>>> print(open('data01.csv').read())   # CSV, C-alpha atoms (C1' of nucleotides)
chain,number,residue,atom,x,y,z
A,204,MET,CA,35.1,-12.6,-13.7
A,205,ASN,CA,31.7,-14.4,-14.0
A,206,LYS,CA,28.9,-14.4,-11.5
A,207,LYS,CA,30.0,-17.6,-9.8
A,208,GLU,CA,33.5,-16.2,-9.2
A,209,MET,CA,32.0,-12.9,-8.0
A,210,ALA,CA,29.6,-14.7,-5.6
A,211,HIS,CA,32.4,-16.8,-4.2
A,212,GLU,CA,34.7,-13.8,-3.7
A,213,LEU,CA,31.9,-11.8,-1.9
A,214,LEU,CA,31.2,-14.6,0.5
A,215,ILE,CA,34.8,-15.2,1.3
A,216,LYS,CA,35.6,-11.6,1.7
A,217,ASN,CA,32.8,-11.3,4.3
A,218,ASN,CA,33.8,-14.4,6.2
A,219,ILE,CA,30.6,-16.2,5.2
A,220,ASN,CA,31.0,-19.9,5.0
A,221,VAL,CA,30.4,-21.1,1.4
A,222,SER,CA,27.5,-23.4,0.7
A,223,TYR,CA,25.7,-24.5,-2.4
A,224,GLN,CA,22.6,-22.6,-1.5
A,225,ARG,CA,24.3,-19.4,-0.5
A,226,MET,CA,26.3,-19.5,-3.7
A,227,LYS,CA,23.1,-20.0,-5.8
A,228,ILE,CA,21.3,-17.2,-4.0
A,229,MET,CA,24.3,-14.8,-4.4
A,230,GLU,CA,24.7,-15.6,-8.1
A,231,TYR,CA,20.9,-14.9,-8.5
A,232,LEU,CA,21.2,-11.6,-6.8
A,233,ILE,CA,24.3,-10.3,-8.6
A,234,GLY,CA,23.1,-7.9,-11.3
A,235,ASN,CA,19.4,-8.5,-10.4
A,236,HIS,CA,17.4,-5.2,-10.5
A,237,ASN,CA,14.0,-6.8,-9.8
A,238,HIS,CA,14.1,-6.3,-6.0
A,239,PRO,CA,13.0,-9.9,-5.4
A,240,THR,CA,11.1,-11.1,-2.3
A,241,VAL,CA,12.0,-14.2,-0.5
A,242,VAL,CA,9.3,-16.0,-2.3
A,243,ASP,CA,10.6,-14.8,-5.7
A,244,ILE,CA,14.0,-16.1,-4.8
A,245,TYR,CA,12.6,-19.4,-3.6
A,246,ASN,CA,10.4,-19.9,-6.7
A,247,ASP,CA,13.2,-19.0,-9.2
A,248,LEU,CA,15.8,-21.3,-7.6
A,249,LYS,CA,13.8,-24.3,-6.5
A,250,GLU,CA,14.1,-26.1,-9.8
A,251,GLN,CA,17.9,-25.9,-9.5
A,252,ILE,CA,18.0,-27.0,-5.9
A,253,PRO,CA,15.7,-30.0,-5.4
A,254,THR,CA,15.4,-29.8,-1.6
A,255,PHE,CA,15.4,-26.0,-1.4
A,256,SER,CA,13.4,-24.5,1.4
A,257,LYS,CA,12.1,-21.0,2.2
A,258,ALA,CA,13.6,-21.2,5.6
A,259,THR,CA,17.0,-21.3,4.0
A,260,VAL,CA,16.2,-18.2,1.9
A,261,TYR,CA,15.1,-16.4,5.1
A,262,ASN,CA,18.2,-17.4,6.9
A,263,THR,CA,20.5,-16.5,4.0
A,264,MET,CA,18.9,-13.1,3.3
A,265,LYS,CA,19.2,-12.2,7.0
A,266,LEU,CA,22.8,-13.2,6.9
A,267,PHE,CA,23.5,-11.2,3.8
A,268,GLU,CA,21.8,-8.2,5.2
A,269,GLU,CA,23.7,-8.3,8.4
A,270,ASN,CA,26.9,-8.4,6.3
A,271,ASN,CA,25.8,-5.5,4.2
A,272,LEU,CA,25.6,-7.6,1.0
A,273,VAL,CA,22.0,-6.5,0.4
A,274,GLN,CA,19.6,-4.0,1.7
A,275,SER,CA,16.0,-4.8,2.6
A,276,ILE,CA,13.3,-2.7,1.1
A,277,SER,CA,9.9,-2.6,2.8
A,278,ILE,CA,8.2,-0.2,0.4
A,279,LYS,CA,5.1,-2.4,0.3
A,280,GLU,CA,3.5,-3.3,3.6
A,281,GLU,CA,3.1,-7.0,3.4
A,282,GLU,CA,6.4,-8.0,1.9
A,283,VAL,CA,10.1,-7.4,2.1
A,284,ARG,CA,12.2,-7.0,-1.0
A,285,PHE,CA,15.9,-7.2,-1.4
A,286,ASP,CA,18.3,-5.0,-3.3
A,287,PRO,CA,21.9,-6.1,-4.0
A,288,ASP,CA,22.8,-2.4,-4.6
A,289,ILE,CA,23.5,-1.2,-1.1
A,290,SER,CA,24.3,2.4,-2.1
A,291,PHE,CA,21.7,5.1,-1.2
A,292,HIS,CA,19.2,5.6,-3.9
A,293,GLY,CA,15.5,6.0,-4.2
A,294,HIS,CA,12.8,3.3,-4.8
A,295,PHE,CA,9.6,3.9,-6.7
A,296,LEU,CA,6.7,1.5,-6.4
A,297,CYS,CA,4.1,1.4,-9.2
A,298,LYS,CA,0.7,1.0,-7.7
A,299,GLU,CA,-0.5,-0.7,-10.9
A,300,CYS,CA,2.1,-3.2,-12.0
A,301,GLU,CA,3.8,-3.3,-8.5
A,302,LYS,CA,7.2,-3.1,-10.1
A,303,VAL,CA,9.9,-1.3,-8.1
A,304,TYR,CA,12.3,1.1,-9.9
A,305,ASP,CA,15.5,2.5,-8.7
A,306,PHE,CA,16.3,6.2,-9.1
A,307,PRO,CA,19.1,8.5,-8.1
A,308,VAL,CA,18.5,10.9,-5.2
A,309,GLU,CA,20.4,13.9,-4.2
A,310,ILE,CA,19.2,15.1,-0.9
A,311,LYS,CA,20.7,18.5,0.0
A,312,GLY,CA,20.2,20.6,3.1
A,313,LEU,CA,19.4,17.6,5.2
A,314,LYS,CA,22.1,18.0,7.8
A,315,THR,CA,20.2,19.4,10.7
A,316,SER,CA,20.5,19.3,14.5
A,317,PHE,CA,18.5,16.1,14.2
A,318,GLU,CA,21.4,14.1,12.8
A,319,GLU,CA,23.6,15.3,15.6
A,320,GLU,CA,21.2,14.0,18.3
A,321,PHE,CA,20.2,10.8,16.6
A,322,ASN,CA,22.6,8.0,15.5
A,323,VAL,CA,21.4,7.3,11.9
A,324,GLU,CA,22.4,4.0,10.4
A,325,ASN,CA,20.0,3.5,7.5
A,326,SER,CA,18.1,5.7,5.2
A,327,TYR,CA,15.4,5.1,2.7
A,328,TYR,CA,13.5,7.3,0.2
A,329,PHE,CA,10.4,5.7,-1.2
A,330,LEU,CA,8.0,7.0,-3.8
A,331,LYS,CA,4.7,5.5,-4.9
A,332,GLY,CA,2.6,6.3,-7.9
A,333,PHE,CA,2.3,5.1,-11.5
A,334,CYS,CA,5.2,4.2,-13.8
A,335,PRO,CA,5.4,5.4,-17.5
A,336,GLU,CA,3.8,2.1,-18.7
A,337,CYS,CA,0.9,2.3,-16.3
A,338,LYS,CA,-0.1,5.9,-16.2
A,339,LYS,CA,-2.8,6.6,-18.7
B,44,MET,CA,-12.7,23.8,19.5
B,45,ASN,CA,-12.1,20.5,21.4
B,46,LYS,CA,-11.2,17.2,19.9
B,47,LYS,CA,-14.8,15.9,19.6
B,48,GLU,CA,-15.8,19.0,17.6
B,49,MET,CA,-12.6,18.7,15.5
B,50,ALA,CA,-13.2,15.1,14.8
B,51,HIS,CA,-16.8,15.7,13.9
B,52,GLU,CA,-15.9,18.5,11.5
B,53,LEU,CA,-13.2,16.4,9.8
B,54,LEU,CA,-15.6,13.5,9.1
B,55,ILE,CA,-18.3,15.8,7.8
B,56,LYS,CA,-16.0,17.8,5.7
B,57,ASN,CA,-14.8,14.6,4.0
B,58,ASN,CA,-18.2,13.2,3.4
B,59,ILE,CA,-17.6,10.3,5.9
B,60,ASN,CA,-20.7,9.1,7.7
B,61,VAL,CA,-20.4,9.7,11.4
B,62,SER,CA,-20.4,6.7,13.8
B,63,TYR,CA,-19.5,6.3,17.4
B,64,GLN,CA,-16.4,4.2,16.5
B,65,ARG,CA,-15.2,6.6,13.8
B,66,MET,CA,-15.5,9.5,16.1
B,67,LYS,CA,-13.6,7.8,18.9
B,68,ILE,CA,-10.8,6.7,16.5
B,69,MET,CA,-10.5,10.2,15.1
B,70,GLU,CA,-10.5,11.8,18.5
B,71,TYR,CA,-7.8,9.4,19.5
B,72,LEU,CA,-5.7,10.3,16.5
B,73,ILE,CA,-6.0,14.1,16.7
B,74,GLY,CA,-2.8,15.4,18.2
B,75,ASN,CA,-1.4,11.9,18.6
B,76,HIS,CA,2.3,11.7,17.7
B,77,ASN,CA,2.9,8.1,18.7
B,78,HIS,CA,2.3,6.7,15.2
B,79,PRO,CA,0.0,4.0,16.5
B,80,THR,CA,-0.6,0.6,14.8
B,81,VAL,CA,-4.1,-0.9,14.4
B,82,VAL,CA,-3.4,-3.0,17.5
B,83,ASP,CA,-2.4,0.1,19.5
B,84,ILE,CA,-5.6,1.8,18.5
B,85,TYR,CA,-7.7,-1.2,19.3
B,86,ASN,CA,-6.1,-1.8,22.7
B,87,ASP,CA,-6.3,1.9,23.7
B,88,LEU,CA,-10.0,2.2,22.8
B,89,LYS,CA,-11.5,-1.2,23.6
B,90,GLU,CA,-12.3,-0.2,27.2
B,91,GLN,CA,-14.3,2.7,26.0
B,92,ILE,CA,-16.1,0.7,23.4
B,93,PRO,CA,-17.4,-2.6,24.8
B,94,THR,CA,-17.9,-4.5,21.5
B,95,PHE,CA,-15.0,-2.9,19.7
B,96,SER,CA,-13.3,-5.1,17.1
B,97,LYS,CA,-10.0,-5.0,15.1
B,98,ALA,CA,-11.9,-5.3,11.9
B,99,THR,CA,-13.5,-2.0,12.5
B,100,VAL,CA,-10.2,-0.4,13.1
B,101,TYR,CA,-8.8,-1.9,9.9
B,102,ASN,CA,-11.9,-0.7,8.0
B,103,THR,CA,-11.8,2.8,9.5
B,104,MET,CA,-8.1,3.4,9.0
B,105,LYS,CA,-8.4,2.3,5.4
B,106,LEU,CA,-11.3,4.7,4.9
B,107,PHE,CA,-9.3,7.5,6.7
B,108,GLU,CA,-6.3,6.9,4.5
B,109,GLU,CA,-8.3,6.9,1.3
B,110,ASN,CA,-9.7,10.3,2.4
B,111,ASN,CA,-6.3,11.7,3.2
B,112,LEU,CA,-7.0,12.1,6.9
B,113,VAL,CA,-4.0,10.0,7.8
B,114,GLN,CA,-0.9,8.6,6.1
B,115,SER,CA,0.3,5.0,6.6
B,116,ILE,CA,3.9,4.4,7.5
B,117,SER,CA,5.5,1.1,6.9
B,118,ILE,CA,8.9,1.9,8.3
B,119,LYS,CA,9.0,-1.4,10.2
B,120,GLU,CA,8.4,-4.6,8.1
B,121,GLU,CA,5.8,-6.4,10.1
B,122,GLU,CA,3.5,-3.6,11.0
B,123,VAL,CA,1.8,-0.5,9.6
B,124,ARG,CA,1.6,2.7,11.7
B,125,PHE,CA,-0.5,5.7,11.1
B,126,ASP,CA,0.3,9.4,11.2
B,127,PRO,CA,-2.5,12.0,11.4
B,128,ASP,CA,0.0,14.5,10.1
B,129,ILE,CA,-0.3,14.1,6.4
B,130,SER,CA,2.3,16.7,5.4
B,131,PHE,CA,5.6,15.4,4.0
B,132,HIS,CA,8.2,14.9,6.8
B,133,GLY,CA,10.7,12.3,7.8
B,134,HIS,CA,10.3,9.4,10.1
B,135,PHE,CA,13.0,7.9,12.3
B,136,LEU,CA,12.7,4.5,13.8
B,137,CYS,CA,14.8,3.7,16.9
B,138,LYS,CA,16.1,0.1,16.6
B,139,GLU,CA,16.3,-0.2,20.4
B,140,CYS,CA,13.1,1.3,21.8
B,141,GLU,CA,11.2,1.1,18.5
B,142,LYS,CA,9.7,4.6,18.9
B,143,VAL,CA,9.1,6.5,15.7
B,144,TYR,CA,10.1,10.2,15.6
B,145,ASP,CA,9.0,12.9,13.2
B,146,PHE,CA,11.5,15.3,11.7
B,147,PRO,CA,11.5,18.0,9.1
B,148,VAL,CA,13.0,17.3,5.7
B,149,GLU,CA,14.0,19.6,3.1
B,150,ILE,CA,14.8,17.8,-0.1
B,151,LYS,CA,16.4,20.0,-2.7
B,152,GLY,CA,17.6,19.3,-6.1
B,153,LEU,CA,15.2,16.3,-6.4
B,154,LYS,CA,13.3,17.3,-9.5
B,155,THR,CA,14.8,15.2,-12.2
B,156,SER,CA,13.7,13.8,-15.5
B,157,PHE,CA,12.4,10.9,-13.3
B,158,GLU,CA,9.5,12.9,-12.0
B,159,GLU,CA,8.4,13.9,-15.4
B,160,GLU,CA,8.2,10.3,-16.6
B,161,PHE,CA,6.7,8.9,-13.4
B,162,ASN,CA,3.5,10.0,-11.8
B,163,VAL,CA,4.4,10.3,-8.2
B,164,GLU,CA,1.6,10.3,-5.6
B,165,ASN,CA,3.3,9.5,-2.3
B,166,SER,CA,6.7,10.0,-0.9
B,167,TYR,CA,8.4,8.8,2.3
B,168,TYR,CA,11.7,9.4,3.9
B,169,PHE,CA,12.7,6.9,6.6
B,170,LEU,CA,15.7,6.7,8.8
B,171,LYS,CA,16.7,4.0,11.2
B,172,GLY,CA,19.2,4.0,14.0
B,173,PHE,CA,19.3,4.9,17.7
B,174,CYS,CA,17.5,7.8,19.4
B,175,PRO,CA,19.2,10.1,21.9
B,176,GLU,CA,17.9,8.0,24.8
B,177,CYS,CA,19.0,4.7,23.4
B,178,LYS,CA,22.4,5.5,21.9
B,179,LYS,CA,25.2,4.7,24.4
C,270,DT,C1',-36.9,0.4,5.4
C,271,DT,C1',-33.0,0.6,3.0
C,272,DT,C1',-28.2,1.3,3.2
C,273,DA,C1',-24.1,1.3,5.5
C,274,DA,C1',-21.1,0.1,9.6
C,275,DT,C1',-19.8,-3.2,13.0
C,276,DG,C1',-18.2,-7.4,15.0
C,277,DC,C1',-17.0,-12.1,15.1
C,278,DA,C1',-14.7,-16.2,13.4
C,279,DA,C1',-12.3,-18.4,9.9
C,280,DA,C1',-9.0,-17.9,6.4
C,281,DT,C1',-4.7,-16.1,4.3
C,282,DC,C1',0.0,-14.9,3.9
C,283,DG,C1',4.6,-13.6,5.1
C,284,DT,C1',7.7,-14.8,8.5
C,285,DT,C1',9.7,-17.3,12.6
C,286,DT,C1',10.8,-21.2,15.4
C,287,DG,C1',12.0,-26.0,16.9
C,288,DC,C1',14.1,-29.7,15.8
C,289,DA,C1',16.0,-33.5,13.2
C,290,DT,C1',19.1,-34.3,9.2
C,291,DA,C1',22.7,-33.3,6.3
C,292,DT,C1',26.9,-30.8,5.1
C,293,DC,C1',31.1,-28.5,5.9
C,294,DT,C1',35.7,-27.9,8.6
D,247,DA,C1',33.8,-35.5,15.6
D,248,DG,C1',32.1,-31.0,16.1
D,249,DA,C1',30.2,-26.9,14.4
D,250,DT,C1',27.3,-25.0,11.1
D,251,DA,C1',23.7,-25.0,7.4
D,252,DT,C1',19.6,-26.9,5.7
D,253,DG,C1',14.8,-28.4,5.4
D,254,DC,C1',10.4,-29.5,7.1
D,255,DA,C1',6.4,-28.7,9.7
D,256,DA,C1',4.1,-26.3,13.2
D,257,DA,C1',3.4,-21.8,15.2
D,258,DC,C1',2.7,-16.9,14.9
D,259,DG,C1',1.0,-12.3,14.0
D,260,DA,C1',-0.8,-8.9,11.0
D,261,DT,C1',-4.3,-8.4,7.9
D,262,DT,C1',-8.4,-9.9,5.0
D,263,DT,C1',-12.7,-12.0,4.2
D,264,DG,C1',-17.6,-13.7,4.7
D,265,DC,C1',-21.5,-13.2,6.8
D,266,DA,C1',-24.8,-12.2,10.3
D,267,DT,C1',-26.2,-8.4,13.4
D,268,DT,C1',-26.7,-3.6,14.6
D,269,DA,C1',-26.9,1.3,13.8
D,270,DA,C1',-27.5,5.2,10.7
D,271,DA,C1',-29.7,7.8,6.9
>>> encode(input="data01.csv", output="C-alpha cells")
Amino acid sequence: MNKKEMAHELLIKNNINVSYQRMKIMEYLIGNHNHPTVVDIYNDLKEQIPTFSKATVYNTMKLFEENNLVQSISIKEEEVRFDPDISFHGHFLCKECEKVYDFPVEIKGLKTSFEEEFNVENSYYFLKGFCPECKK
Amino acid sequence: MNKKEMAHELLIKNNINVSYQRMKIMEYLIGNHNHPTVVDIYNDLKEQIPTFSKATVYNTMKLFEENNLVQSISIKEEEVRFDPDISFHGHFLCKECEKVYDFPVEIKGLKTSFEEEFNVENSYYFLKGFCPECKK
DNA sequence: TTTAATGCAAATCGTTTGCATATCT
DNA sequence: AGATATGCAAACGATTTGCATTAAA
C-alpha cells in the first residue's frame, strides 16, 4: 500500500472528508520524521498546489490533531511542529542546528497520587542540547 | 532573611548589576508558584514602577534565564512562562483553567545510549489535562 | 564620564479571524 | 442546492529591535 492509499484510508477511517489538500498534506506527513512546522508544510507543498494557503494548513493540522492523526510539539517557543507518530516518545532539540530528534523513553515510577487527582490527557518529554553533529 | 535581601544576594552572587527593576522582578519571583508570563510580571509590577516597560521584563527574564535563576516553560504554544524553581520537576497544564501545576517526577531507566551521543543541557516533562477543580 | 539599563515605538513573525469563493455531497 | 473546505487579506498577540534617555559603576 502506497502513501496515497494510506492517506486515503486514514482520512476515511477517521470520518474526515477527503479533499485534495488534505490528501497532499497527509501524504507529506506519512513517514516524515522532520517534525515540520506549518510553514514547512506550506513551503514544501505550494509548488504542487497552485492556490495553496497557510490558512488551509492551519485548519488541516488542527483537524488532524483533534482526530489524533498527529501530535503537536511545542519544544521551541515561537513555533509548533507536528509529529505523525502519536506514540509517547521523547523529543530532543539541538540548540545549534535546530533539528528535532525522536528517542525512546521509558518512564518508571511515575504513577503517583498526582495522576489519581489529575486527569492527564497528553504527555511530553523534551530535551535540549547539542546533537552528535553539533557538539564540538 | 526577607525577599528584598534574598533578591539582592541572588543578583550579587550571580554578578548581575543591581537595578530597581531587577530587584522588583526578582522579589516578585521569589516564592511565586504561578509560573507567570512576561505580561503577568509586567501587569503585576507596573503600578509600583511608573515607567515600567515590557522590554525591560523581556531583557531581565532573558538575563535571569542565562544565569540559571529561572527556567522558561513553554508548555502552552503561544506564551512562555517562568519558574523560579530551577530543579527538574514536571509541569501540568490544565486545559480548562490554564493553571500550571508543579509535580515531582522520578524518571528511572532513562540513561540510554542516546544520552551518550547527545549533549543534553535541559529537560522538561509536561502533562496536559484537567486539574482536580476542573474535571467533572 | 563611561558603561550599562531602561523605555518607547516600530517592526517581525506565527497564528487567527472574517468573509467571499470554490468544492464536495 | 446545501454544507463544507479553501484562500486571501486584515487583525492579533507575543516577542524583538533600534535608538534615545536615564541610571549605575
>>> atom_distance(input="data01.csv", atom1="C1' of DG253 (chain D)", atom2="CA of Ser275 (chain A)")
23.8 Å
>>> residues_around(input="data01.csv", residues="DT284 (chain C)", least_positions_apart="2", cutoff="9 Å", atoms="only C-alpha atoms (C1' of nucleotides)", output="list in words")
Tyr261 of chain A; Glu121 of chain B; DC282 of chain C; DC258 of chain D
>>> interface_residues(input="data01.csv", of="chain C", to="chain A", cutoff="10 Å", atoms="all atoms listed in the file", output="list in words")
DC282, DG283, DT284, DT285, DT292, DC293 and DT294 of chain C
>>> write_last_selection(input="data01.csv", atoms="C-alpha atoms (C1' of nucleotides)", output="compact mmCIF listing (two decimals), keeping the file's coordinate frame")
# COMPACT_ATOMS: atom_id res chain seq x y z
C1' DC C 282 0.00 -14.90 3.90
C1' DG C 283 4.60 -13.60 5.10
C1' DT C 284 7.70 -14.80 8.50
C1' DT C 285 9.70 -17.30 12.60
C1' DT C 292 26.90 -30.80 5.10
C1' DC C 293 31.10 -28.50 5.90
C1' DT C 294 35.70 -27.90 8.60
>>> residues_around(input="data01.csv", residues="Leu54 (chain B)", least_positions_apart="2", cutoff="10 Å", atoms="only C-alpha atoms (C1' of nucleotides)", output="PDB file with C-alpha atoms, keeping the file's coordinate frame")
ATOM      1  CA  MET B  49     -12.600  18.700  15.500  1.00  0.00           C
ATOM      2  CA  ALA B  50     -13.200  15.100  14.800  1.00  0.00           C
ATOM      3  CA  HIS B  51     -16.800  15.700  13.900  1.00  0.00           C
ATOM      4  CA  GLU B  52     -15.900  18.500  11.500  1.00  0.00           C
ATOM      5  CA  LYS B  56     -16.000  17.800   5.700  1.00  0.00           C
ATOM      6  CA  ASN B  57     -14.800  14.600   4.000  1.00  0.00           C
ATOM      7  CA  ASN B  58     -18.200  13.200   3.400  1.00  0.00           C
ATOM      8  CA  ILE B  59     -17.600  10.300   5.900  1.00  0.00           C
ATOM      9  CA  ASN B  60     -20.700   9.100   7.700  1.00  0.00           C
ATOM     10  CA  VAL B  61     -20.400   9.700  11.400  1.00  0.00           C
ATOM     11  CA  SER B  62     -20.400   6.700  13.800  1.00  0.00           C
ATOM     12  CA  ARG B  65     -15.200   6.600  13.800  1.00  0.00           C
ATOM     13  CA  MET B  66     -15.500   9.500  16.100  1.00  0.00           C
ATOM     14  CA  MET B  69     -10.500  10.200  15.100  1.00  0.00           C
ATOM     15  CA  PHE B 107      -9.300   7.500   6.700  1.00  0.00           C
ATOM     16  CA  ASN B 110      -9.700  10.300   2.400  1.00  0.00           C
ATOM     17  CA  LEU B 112      -7.000  12.100   6.900  1.00  0.00           C
TER      18      LEU B 112
END
>>> residues_around(input="data01.csv", residues="Asp83 (chain B)", least_positions_apart="3", cutoff="12 Å", atoms="all atoms listed in the file", output="VMD selection string")
chain B and resid 68 71 to 72 75 77 to 80 86 to 89 97 100 to 101 122 to 125
>>> atom_distance(input="data01.csv", atom1="CA of Pro93 (chain B)", atom2="CA of Lys142 (chain B)")
28.7 Å
>>> closest_atom_pairs(input="data01.csv", of="chain A", to="chain B", cutoff="10 Å", atoms="all atoms listed in the file", output="JSON lines")
{"residue": "A:Ser275", "atom": "CA", "partner": "B:Glu120", "partner_atom": "CA", "distance": 9.4}
{"residue": "A:Ile276", "atom": "CA", "partner": "B:Glu120", "partner_atom": "CA", "distance": 8.8}
{"residue": "A:Ser277", "atom": "CA", "partner": "B:Glu120", "partner_atom": "CA", "distance": 5.9}
{"residue": "A:Ile278", "atom": "CA", "partner": "B:Ser117", "partner_atom": "CA", "distance": 7.2}
{"residue": "A:Lys279", "atom": "CA", "partner": "B:Ser117", "partner_atom": "CA", "distance": 7.5}
{"residue": "A:Glu280", "atom": "CA", "partner": "B:Ser117", "partner_atom": "CA", "distance": 5.9}
{"residue": "A:Glu281", "atom": "CA", "partner": "B:Glu121", "partner_atom": "CA", "distance": 7.2}
{"residue": "A:Glu282", "atom": "CA", "partner": "B:Glu120", "partner_atom": "CA", "distance": 7.3}
{"residue": "A:Val283", "atom": "CA", "partner": "B:Glu120", "partner_atom": "CA", "distance": 6.8}
{"residue": "A:Gly293", "atom": "CA", "partner": "B:Tyr168", "partner_atom": "CA", "distance": 9.6}
{"residue": "A:His294", "atom": "CA", "partner": "B:Ser166", "partner_atom": "CA", "distance": 9.9}
{"residue": "A:Phe295", "atom": "CA", "partner": "B:Val163", "partner_atom": "CA", "distance": 8.4}
{"residue": "A:Leu296", "atom": "CA", "partner": "B:Val163", "partner_atom": "CA", "distance": 9.3}
{"residue": "A:Cys297", "atom": "CA", "partner": "B:Val163", "partner_atom": "CA", "distance": 9.0}
{"residue": "A:Lys298", "atom": "CA", "partner": "B:Glu164", "partner_atom": "CA", "distance": 9.6}
{"residue": "A:Phe306", "atom": "CA", "partner": "B:Phe157", "partner_atom": "CA", "distance": 7.4}
{"residue": "A:Pro307", "atom": "CA", "partner": "B:Phe157", "partner_atom": "CA", "distance": 8.8}
{"residue": "A:Val308", "atom": "CA", "partner": "B:Leu153", "partner_atom": "CA", "distance": 6.4}
{"residue": "A:Glu309", "atom": "CA", "partner": "B:Leu153", "partner_atom": "CA", "distance": 6.1}
{"residue": "A:Ile310", "atom": "CA", "partner": "B:Ile150", "partner_atom": "CA", "distance": 5.2}
{"residue": "A:Lys311", "atom": "CA", "partner": "B:Lys151", "partner_atom": "CA", "distance": 5.3}
{"residue": "A:Gly312", "atom": "CA", "partner": "B:Glu149", "partner_atom": "CA", "distance": 6.3}
{"residue": "A:Leu313", "atom": "CA", "partner": "B:Glu149", "partner_atom": "CA", "distance": 6.1}
{"residue": "A:Lys314", "atom": "CA", "partner": "B:Val148", "partner_atom": "CA", "distance": 9.4}
{"residue": "A:Thr315", "atom": "CA", "partner": "B:Pro147", "partner_atom": "CA", "distance": 9.0}
{"residue": "A:Phe317", "atom": "CA", "partner": "B:Phe146", "partner_atom": "CA", "distance": 7.5}
{"residue": "A:Glu318", "atom": "CA", "partner": "B:Cys174", "partner_atom": "CA", "distance": 9.9}
{"residue": "A:Glu319", "atom": "CA", "partner": "B:Pro175", "partner_atom": "CA", "distance": 9.3}
{"residue": "A:Glu320", "atom": "CA", "partner": "B:Pro175", "partner_atom": "CA", "distance": 5.7}
{"residue": "A:Phe321", "atom": "CA", "partner": "B:Cys174", "partner_atom": "CA", "distance": 4.9}
{"residue": "A:Asn322", "atom": "CA", "partner": "B:Phe173", "partner_atom": "CA", "distance": 5.0}
{"residue": "A:Val323", "atom": "CA", "partner": "B:Gly172", "partner_atom": "CA", "distance": 4.5}
{"residue": "A:Glu324", "atom": "CA", "partner": "B:Gly172", "partner_atom": "CA", "distance": 4.8}
{"residue": "A:Asn325", "atom": "CA", "partner": "B:Lys171", "partner_atom": "CA", "distance": 5.0}
{"residue": "A:Ser326", "atom": "CA", "partner": "B:Leu170", "partner_atom": "CA", "distance": 4.4}
{"residue": "A:Tyr327", "atom": "CA", "partner": "B:Phe169", "partner_atom": "CA", "distance": 5.1}
{"residue": "A:Tyr328", "atom": "CA", "partner": "B:Tyr168", "partner_atom": "CA", "distance": 4.6}
{"residue": "A:Phe329", "atom": "CA", "partner": "B:Tyr167", "partner_atom": "CA", "distance": 5.1}
{"residue": "A:Leu330", "atom": "CA", "partner": "B:Ser166", "partner_atom": "CA", "distance": 4.4}
{"residue": "A:Lys331", "atom": "CA", "partner": "B:Asn165", "partner_atom": "CA", "distance": 5.0}
{"residue": "A:Gly332", "atom": "CA", "partner": "B:Val163", "partner_atom": "CA", "distance": 4.4}
{"residue": "A:Phe333", "atom": "CA", "partner": "B:Asn162", "partner_atom": "CA", "distance": 5.1}
{"residue": "A:Cys334", "atom": "CA", "partner": "B:Phe161", "partner_atom": "CA", "distance": 4.9}
{"residue": "A:Pro335", "atom": "CA", "partner": "B:Phe161", "partner_atom": "CA", "distance": 5.5}
{"residue": "A:Glu336", "atom": "CA", "partner": "B:Phe161", "partner_atom": "CA", "distance": 9.1}
{"residue": "A:Cys337", "atom": "CA", "partner": "B:Phe161", "partner_atom": "CA", "distance": 9.3}
{"residue": "A:Lys338", "atom": "CA", "partner": "B:Asn162", "partner_atom": "CA", "distance": 7.0}
{"residue": "A:Lys339", "atom": "CA", "partner": "B:Asn162", "partner_atom": "CA", "distance": 9.9}
>>> closest_atom_pairs(input="data01.csv", of="chain D", to="chain B", cutoff="10 Å", atoms="all atoms listed in the file", output="CSV")
residue,atom,partner,partner_atom,distance
D:DG259,C1',B:Glu121,CA,8.5
D:DA260,C1',B:Glu122,CA,6.8
D:DT261,C1',B:Tyr101,CA,8.2
D:DT262,C1',B:Ala98,CA,9.0
D:DA269,C1',B:Ser62,CA,8.5
D:DA270,C1',B:Ser62,CA,7.9
D:DA271,C1',B:Asn60,CA,9.1
>>> atom_distance(input="data01.csv", atom1="CA of Thr254 (chain A)", atom2="CA of Val303 (chain A)")
29.7 Å
>>> residues_around(input="data01.csv", residues="DC277 (chain C)", least_positions_apart="2", cutoff="12 Å", atoms="all atoms listed in the file", output="list in words")
Thr94, Phe95, Ser96, Lys97, Ala98 and Thr99 of chain B; DT275 and DA279 of chain C; DT263, DG264, DC265, DA266 and DT267 of chain D
